[in-house]
file data_37.json (JSON, C-alpha atoms)
[["chain", "number", "residue", "atom", "x", "y", "z"],
["A", 1, "GLY", "CA", 36.80, -50.06, 3.68],
["A", 2, "PHE", "CA", 34.48, -48.16, 1.41],
["A", 3, "HIS", "CA", 33.29, -48.56, -2.17],
["A", 4, "PRO", "CA", 32.08, -45.06, -3.07],
["A", 5, "LEU", "CA", 30.34, -43.96, -6.24],
["A", 6, "LEU", "CA", 31.45, -40.62, -7.63],
["A", 7, "ALA", "CA", 30.30, -38.37, -10.47],
["A", 8, "PHE", "CA", 32.53, -35.78, -12.13],
["A", 9, "VAL", "CA", 31.79, -33.15, -14.74],
["A", 10, "ASP", "CA", 34.13, -33.47, -17.70],
["A", 11, "HIS", "CA", 32.99, -30.77, -20.08],
["A", 12, "ASP", "CA", 36.17, -29.65, -21.83],
["A", 13, "PRO", "CA", 36.78, -31.71, -24.98],
["A", 14, "ALA", "CA", 40.57, -31.45, -24.67],
["A", 15, "THR", "CA", 41.32, -32.07, -21.01],
["A", 16, "GLY", "CA", 38.15, -31.89, -18.95],
["A", 17, "THR", "CA", 38.12, -29.89, -15.74],
["A", 18, "GLY", "CA", 36.96, -32.74, -13.55],
["A", 19, "GLU", "CA", 34.94, -31.06, -10.81],
["A", 20, "PRO", "CA", 33.29, -33.63, -8.54],
["A", 21, "LEU", "CA", 29.52, -33.16, -8.67],
["A", 22, "ALA", "CA", 28.22, -35.87, -6.34],
["A", 23, "GLY", "CA", 29.30, -38.91, -4.42],
["A", 24, "MET", "CA", 27.92, -41.67, -2.25],
["A", 25, "LEU", "CA", 29.97, -43.36, 0.44],
["A", 26, "ARG", "CA", 29.10, -47.04, 0.57],
["A", 27, "ALA", "CA", 30.29, -50.06, 2.47],
["A", 28, "GLY", "CA", 33.22, -51.95, 0.98],
["A", 29, "ASN", "CA", 30.96, -54.86, 0.02],
["A", 30, "ALA", "CA", 28.59, -52.67, -2.04],
["A", 31, "GLY", "CA", 28.13, -53.86, -5.61],
["A", 32, "ALA", "CA", 29.74, -51.96, -8.47],
["A", 33, "ASN", "CA", 26.62, -52.35, -10.62],
["A", 34, "THR", "CA", 23.92, -51.42, -8.09],
["A", 35, "ALA", "CA", 21.49, -49.47, -10.27],
["A", 36, "ALA", "CA", 19.65, -47.74, -7.40],
["A", 37, "ASP", "CA", 22.88, -46.23, -6.08],
["A", 38, "GLN", "CA", 23.98, -45.13, -9.54],
["A", 39, "ILE", "CA", 20.61, -43.52, -10.19],
["A", 40, "ALA", "CA", 20.83, -41.63, -6.89],
["A", 41, "VAL", "CA", 24.34, -40.34, -7.68],
["A", 42, "LEU", "CA", 23.38, -39.36, -11.24],
["A", 43, "ASP", "CA", 20.30, -37.47, -10.05],
["A", 44, "ALA", "CA", 22.36, -35.69, -7.37],
["A", 45, "ALA", "CA", 25.01, -34.79, -9.97],
["A", 46, "LEU", "CA", 22.44, -33.43, -12.41],
["A", 47, "ALA", "CA", 20.95, -31.29, -9.64],
["A", 48, "GLN", "CA", 24.35, -29.54, -9.30],
["A", 49, "LEU", "CA", 24.28, -28.38, -12.93],
["A", 50, "PRO", "CA", 22.51, -25.30, -14.26],
["A", 51, "GLU", "CA", 19.13, -26.41, -15.55],
["A", 52, "PRO", "CA", 19.78, -25.48, -19.23],
["A", 53, "ALA", "CA", 22.90, -27.70, -19.23],
["A", 54, "ARG", "CA", 21.21, -30.82, -17.85],
["A", 55, "SER", "CA", 19.61, -31.87, -21.12],
["A", 56, "ARG", "CA", 23.01, -31.86, -22.89],
["A", 57, "VAL", "CA", 24.70, -34.32, -20.56],
["A", 58, "LEU", "CA", 26.39, -37.46, -21.84],
["A", 59, "VAL", "CA", 26.53, -40.00, -19.02],
["A", 60, "ARG", "CA", 29.75, -42.00, -19.16],
["A", 61, "GLY", "CA", 30.61, -44.87, -16.85],
["A", 62, "ASP", "CA", 32.64, -48.03, -16.54],
["A", 63, "THR", "CA", 31.19, -51.55, -16.76],
["A", 64, "GLY", "CA", 29.43, -51.05, -13.41],
["A", 65, "SER", "CA", 27.09, -48.62, -15.23],
["A", 66, "GLY", "CA", 26.21, -51.07, -17.99],
["A", 67, "VAL", "CA", 23.06, -52.35, -16.28],
["A", 68, "LYS", "CA", 19.51, -52.30, -17.60],
["A", 69, "ALA", "CA", 17.80, -50.35, -14.79],
["A", 70, "PHE", "CA", 20.40, -47.59, -14.82],
["A", 71, "LEU", "CA", 20.33, -47.18, -18.60],
["A", 72, "ALA", "CA", 16.51, -47.20, -18.53],
["A", 73, "HIS", "CA", 16.67, -44.27, -16.09],
["A", 74, "VAL", "CA", 19.15, -42.40, -18.31],
["A", 75, "HIS", "CA", 16.90, -43.07, -21.31],
["A", 76, "GLN", "CA", 13.83, -41.78, -19.43],
["A", 77, "LEU", "CA", 15.74, -38.58, -18.64],
["A", 78, "GLY", "CA", 16.38, -38.17, -22.37],
["A", 79, "LEU", "CA", 20.16, -38.17, -21.93],
["A", 80, "GLY", "CA", 22.92, -39.76, -23.94],
["A", 81, "TYR", "CA", 25.13, -42.47, -22.47],
["A", 82, "SER", "CA", 28.37, -44.30, -23.12],
["A", 83, "VAL", "CA", 28.97, -47.07, -20.59],
["A", 84, "GLY", "CA", 31.17, -50.14, -20.39],
["A", 85, "MET", "CA", 29.62, -53.55, -20.84],
["A", 86, "TYR", "CA", 30.63, -56.86, -19.28],
["A", 87, "GLY", "CA", 31.38, -59.74, -21.65],
["A", 88, "GLN", "CA", 28.00, -61.40, -21.10],
["A", 89, "ALA", "CA", 26.91, -64.32, -23.25],
["A", 90, "PRO", "CA", 24.82, -62.40, -25.85],
["A", 91, "LEU", "CA", 27.69, -60.00, -26.49],
["A", 92, "LEU", "CA", 30.18, -62.83, -26.85],
["A", 93, "GLU", "CA", 27.79, -64.53, -29.29],
["A", 94, "ALA", "CA", 27.61, -61.34, -31.35],
["A", 95, "LEU", "CA", 31.38, -61.05, -31.27],
["A", 96, "GLU", "CA", 31.64, -64.49, -32.90],
["A", 97, "GLN", "CA", 29.37, -63.33, -35.76],
["A", 98, "VAL", "CA", 31.17, -60.10, -36.68],
["A", 99, "PRO", "CA", 32.79, -60.54, -40.12],
["A", 100, "ARG", "CA", 36.46, -59.71, -40.50],
["A", 101, "GLN", "CA", 35.72, -56.77, -42.82],
["A", 102, "ALA", "CA", 33.54, -55.08, -40.15],
["A", 103, "TRP", "CA", 36.60, -54.27, -38.02],
["A", 104, "ARG", "CA", 38.02, -50.77, -38.52],
["A", 105, "ASP", "CA", 41.18, -49.11, -37.26],
["A", 106, "ALA", "CA", 40.81, -47.63, -33.78],
["A", 107, "ARG", "CA", 41.98, -44.06, -33.19],
["A", 108, "GLU", "CA", 44.00, -42.21, -30.60],
["A", 109, "ALA", "CA", 42.52, -39.12, -28.92],
["A", 110, "ASP", "CA", 44.34, -36.92, -31.45],
["A", 111, "GLY", "CA", 42.73, -38.77, -34.37],
["A", 112, "THR", "CA", 45.78, -40.76, -35.43],
["A", 113, "ARG", "CA", 45.57, -44.52, -35.96],
["A", 114, "ARG", "CA", 45.92, -46.59, -32.77],
["A", 115, "ASP", "CA", 48.47, -49.25, -33.63],
["A", 116, "GLY", "CA", 47.25, -52.83, -33.18],
["A", 117, "ALA", "CA", 43.67, -51.87, -32.21],
["A", 118, "GLN", "CA", 40.39, -52.18, -34.08],
["A", 119, "VAL", "CA", 36.72, -51.38, -33.44],
["A", 120, "ALA", "CA", 33.46, -52.88, -34.71],
["A", 121, "GLU", "CA", 29.78, -52.37, -33.95],
["A", 122, "LEU", "CA", 28.08, -55.53, -32.65],
["A", 123, "THR", "CA", 24.49, -54.25, -32.69],
["A", 124, "ARG", "CA", 23.28, -55.96, -35.87],
["A", 125, "TRP", "CA", 24.68, -59.32, -34.70],
["A", 126, "LEU", "CA", 23.16, -59.25, -31.20],
["A", 127, "PRO", "CA", 21.09, -62.42, -30.61],
["A", 128, "ALA", "CA", 17.43, -62.45, -29.63],
["A", 129, "SER", "CA", 18.49, -63.15, -26.03],
["A", 130, "PHE", "CA", 19.78, -59.55, -25.75],
["A", 131, "THR", "CA", 16.51, -58.17, -24.35],
["A", 132, "GLY", "CA", 15.27, -55.67, -21.79],
["A", 133, "TRP", "CA", 17.63, -52.85, -22.75],
["A", 134, "PRO", "CA", 16.38, -49.36, -23.62],
["A", 135, "PRO", "CA", 15.54, -48.65, -27.27],
["A", 136, "GLY", "CA", 18.32, -47.27, -29.44],
["A", 137, "ILE", "CA", 21.14, -49.10, -27.65],
["A", 138, "ARG", "CA", 24.26, -49.74, -29.71],
["A", 139, "VAL", "CA", 27.11, -52.01, -28.63],
["A", 140, "ILE", "CA", 30.64, -51.38, -29.87],
["A", 141, "ALA", "CA", 33.70, -53.54, -29.26],
["A", 142, "ARG", "CA", 37.38, -52.72, -29.37],
["A", 143, "ARG", "CA", 39.99, -55.40, -29.81],
["A", 144, "GLU", "CA", 43.66, -54.83, -29.16],
["A", 145, "ARG", "CA", 46.70, -57.04, -29.00],
["A", 146, "PRO", "CA", 47.69, -57.36, -25.33],
["A", 147, "HIS", "CA", 50.99, -55.83, -24.26],
["A", 148, "PRO", "CA", 53.84, -58.34, -23.93],
["A", 149, "GLY", "CA", 53.45, -60.28, -20.69],
["A", 150, "ALA", "CA", 49.80, -59.27, -20.17],
["A", 151, "GLN", "CA", 47.57, -62.10, -19.00],
["A", 152, "LEU", "CA", 44.53, -62.80, -21.17],
["A", 153, "ARG", "CA", 41.10, -62.69, -19.54],
["A", 154, "ILE", "CA", 38.29, -65.19, -20.02],
["A", 155, "THR", "CA", 36.38, -62.65, -22.16],
["A", 156, "ASP", "CA", 39.31, -62.11, -24.52],
["A", 157, "HIS", "CA", 38.83, -63.59, -27.95],
["A", 158, "ALA", "CA", 41.26, -65.27, -30.38],
["A", 159, "GLY", "CA", 44.29, -63.62, -28.77],
["A", 160, "TRP", "CA", 42.72, -60.16, -28.71],
["A", 161, "ARG", "CA", 42.02, -58.10, -25.56],
["A", 162, "ILE", "CA", 38.31, -57.21, -25.93],
["A", 163, "THR", "CA", 36.48, -54.28, -24.33],
["A", 164, "MET", "CA", 32.87, -53.34, -25.06],
["A", 165, "PHE", "CA", 30.63, -50.38, -24.42],
["A", 166, "ALA", "CA", 27.06, -49.33, -25.09],
["A", 167, "THR", "CA", 25.82, -45.99, -26.32],
["A", 168, "ASN", "CA", 22.58, -44.49, -27.58],
["A", 169, "THR", "CA", 24.34, -41.94, -29.80],
["A", 170, "LYS", "CA", 22.93, -42.06, -33.31],
["A", 171, "GLY", "CA", 25.41, -41.89, -36.16],
["A", 172, "GLY", "CA", 29.05, -40.98, -35.85],
["A", 173, "ARG", "CA", 32.12, -43.00, -36.75],
["A", 174, "ILE", "CA", 32.51, -45.88, -34.34],
["A", 175, "ALA", "CA", 36.21, -45.11, -33.93],
["A", 176, "ASP", "CA", 35.28, -41.61, -32.71],
["A", 177, "LEU", "CA", 32.61, -42.96, -30.37],
["A", 178, "GLU", "CA", 35.16, -45.40, -28.95],
["A", 179, "VAL", "CA", 37.69, -42.62, -28.29],
["A", 180, "ARG", "CA", 34.97, -40.56, -26.60],
["A", 181, "HIS", "CA", 34.15, -43.50, -24.37],
["A", 182, "ARG", "CA", 37.77, -44.35, -23.60],
["A", 183, "LEU", "CA", 38.43, -40.77, -22.45],
["A", 184, "ARG", "CA", 36.13, -41.42, -19.49],
["A", 185, "ALA", "CA", 39.22, -43.01, -17.95],
["A", 186, "ARG", "CA", 40.10, -39.47, -16.84],
["A", 187, "ALA", "CA", 37.75, -40.26, -13.96],
["A", 188, "GLU", "CA", 40.44, -42.58, -12.61],
["A", 189, "ASP", "CA", 42.79, -39.59, -12.41],
["A", 190, "ARG", "CA", 40.13, -37.66, -10.51],
["A", 191, "ILE", "CA", 39.74, -40.56, -8.07],
["A", 192, "ARG", "CA", 43.50, -40.76, -7.50],
["A", 193, "THR", "CA", 43.60, -37.01, -6.82],
["A", 194, "LEU", "CA", 40.78, -37.28, -4.28],
["A", 195, "LYS", "CA", 42.54, -40.16, -2.54],
["A", 196, "ASP", "CA", 45.77, -38.15, -2.44],
["A", 197, "THR", "CA", 43.91, -35.27, -0.79],
["A", 198, "GLY", "CA", 42.48, -37.52, 1.93],
["A", 199, "LEU", "CA", 39.05, -38.66, 0.73]]
call {"tool": "encode", "arguments": {"input": "data_37.json", "output": "structure tokens"}}
result
Amino acid sequence: GFHPLLAFVDHDPATGTGEPLAGMLRAGNAGANTAADQIAVLDAALAQLPEPARSRVLVRGDTGSGVKAFLAHVHQLGLGYSVGMYGQAPLLEALEQVPRQAWRDAREADGTRRDGAQVAELTRWLPASFTGWPPGIRVIARRERPHPGAQLRITDHAGWRITMFATNTKGGRIADLEVRHRLRARAEDRIRTLKDTGL
């Protein structure tokens, strides 16, 4: 089998048009978080864009993109990012320190309240062991009650399903930043479409 890396352009705020920009076919045992491969695909994707548009790119990715070397490259390019983060020990430590009042209602893509979901920024509670990341990194968590019958994961906390992401966006409501990040899941639709067409 194969474990490709793909990059899509998703520039329309409502639906995104989803053109594939670049891809790398890799062996099935290739790591999801291999920074060198992600850097190569990002650079190839950026080369497909008109030069004036390249500086306005927001790089979004799943947890495979939440690695230091890749984010350092994105930072050096002067681009924004919003990437998933694994539940590594420093993030779980920060999660334990977040006060109850720091959690805010999460939002749906249309701006309405997302029932049973909350968001909080972890950045100020990150321990000293959270080192080596590019300057300006922010970590945001979403917690949501699992659907009935869903199995909890080891990184879930106090009965909540936890997901985390990192961004270097300054300012903005964390609920809006979380929606922006969650919309990267449209990439999964793009992947399904490519599979259906024979990729």
call {"tool": "closest_residue", "arguments": {"input": "data_37.json", "among": "A:Asp110, A:Thr17, A:Phe130, A:Arg138", "to": "Leu92 (chain A)", "atoms": "all atoms listed in the file"}}
result
A:Phe130
call {"tool": "closest_atom_pairs", "arguments": {"input": "data_37.json", "of": "region 76-122 of chain A", "to": "region 29-52 of chain A", "cutoff": "12 Å", "atoms": "only C-alpha atoms", "output": "CSV"}}
result
residue,atom,partner,partner_atom,distance
A:Gln76,CA,A:Ile39,CA,11.6
A:Leu77,CA,A:Asp43,CA,9.8
A:Leu79,CA,A:Leu46,CA,10.9
A:Tyr81,CA,A:Leu42,CA,11.8
A:Val83,CA,A:Asn33,CA,11.5
A:Gly84,CA,A:Asn33,CA,11.0
A:Met85,CA,A:Asn33,CA,10.7
A:Tyr86,CA,A:Asn33,CA,10.6
call {"tool": "closest_residue", "arguments": {"input": "data_37.json", "among": "A:Leu25, A:Ala128, A:Ala141, A:Glu121", "to": "Ala102 (chain A)", "atoms": "only C-alpha atoms"}}
result
A:Glu121
call {"tool": "residues_around", "arguments": {"input": "data_37.json", "residues": "Ser129 (chain A)", "least_positions_apart": "5", "cutoff": "10 Å", "atoms": "only C-alpha atoms", "output": "list in words"}}
result
Ala89, Pro90, Leu91 and Glu93 of chain A
call {"tool": "closest_residue", "arguments": {"input": "data_37.json", "among": "A:Leu6, A:Val98, A:Ala166, A:Val119", "to": "Pro135 (chain A)", "atoms": "all atoms listed in the file"}}
result
A:Ala166
call {"tool": "atom_distance", "arguments": {"input": "data_37.json", "atom1": "CA of Val57 (chain A)", "atom2": "CA of Ala94 (chain A)"}}
result
29.2 Å
call {"tool": "atom_distance", "arguments": {"input": "data_37.json", "atom1": "CA of Leu5 (chain A)", "atom2": "CA of Thr131 (chain A)"}}
result
26.9 Å
call {"tool": "closest_residue", "arguments": {"input": "data_37.json", "among": "A:Ser65, A:Val9, A:Leu95, A:Arg54", "to": "Trp125 (chain A)", "atoms": "all atoms listed in the file"}}
result
A:Leu95
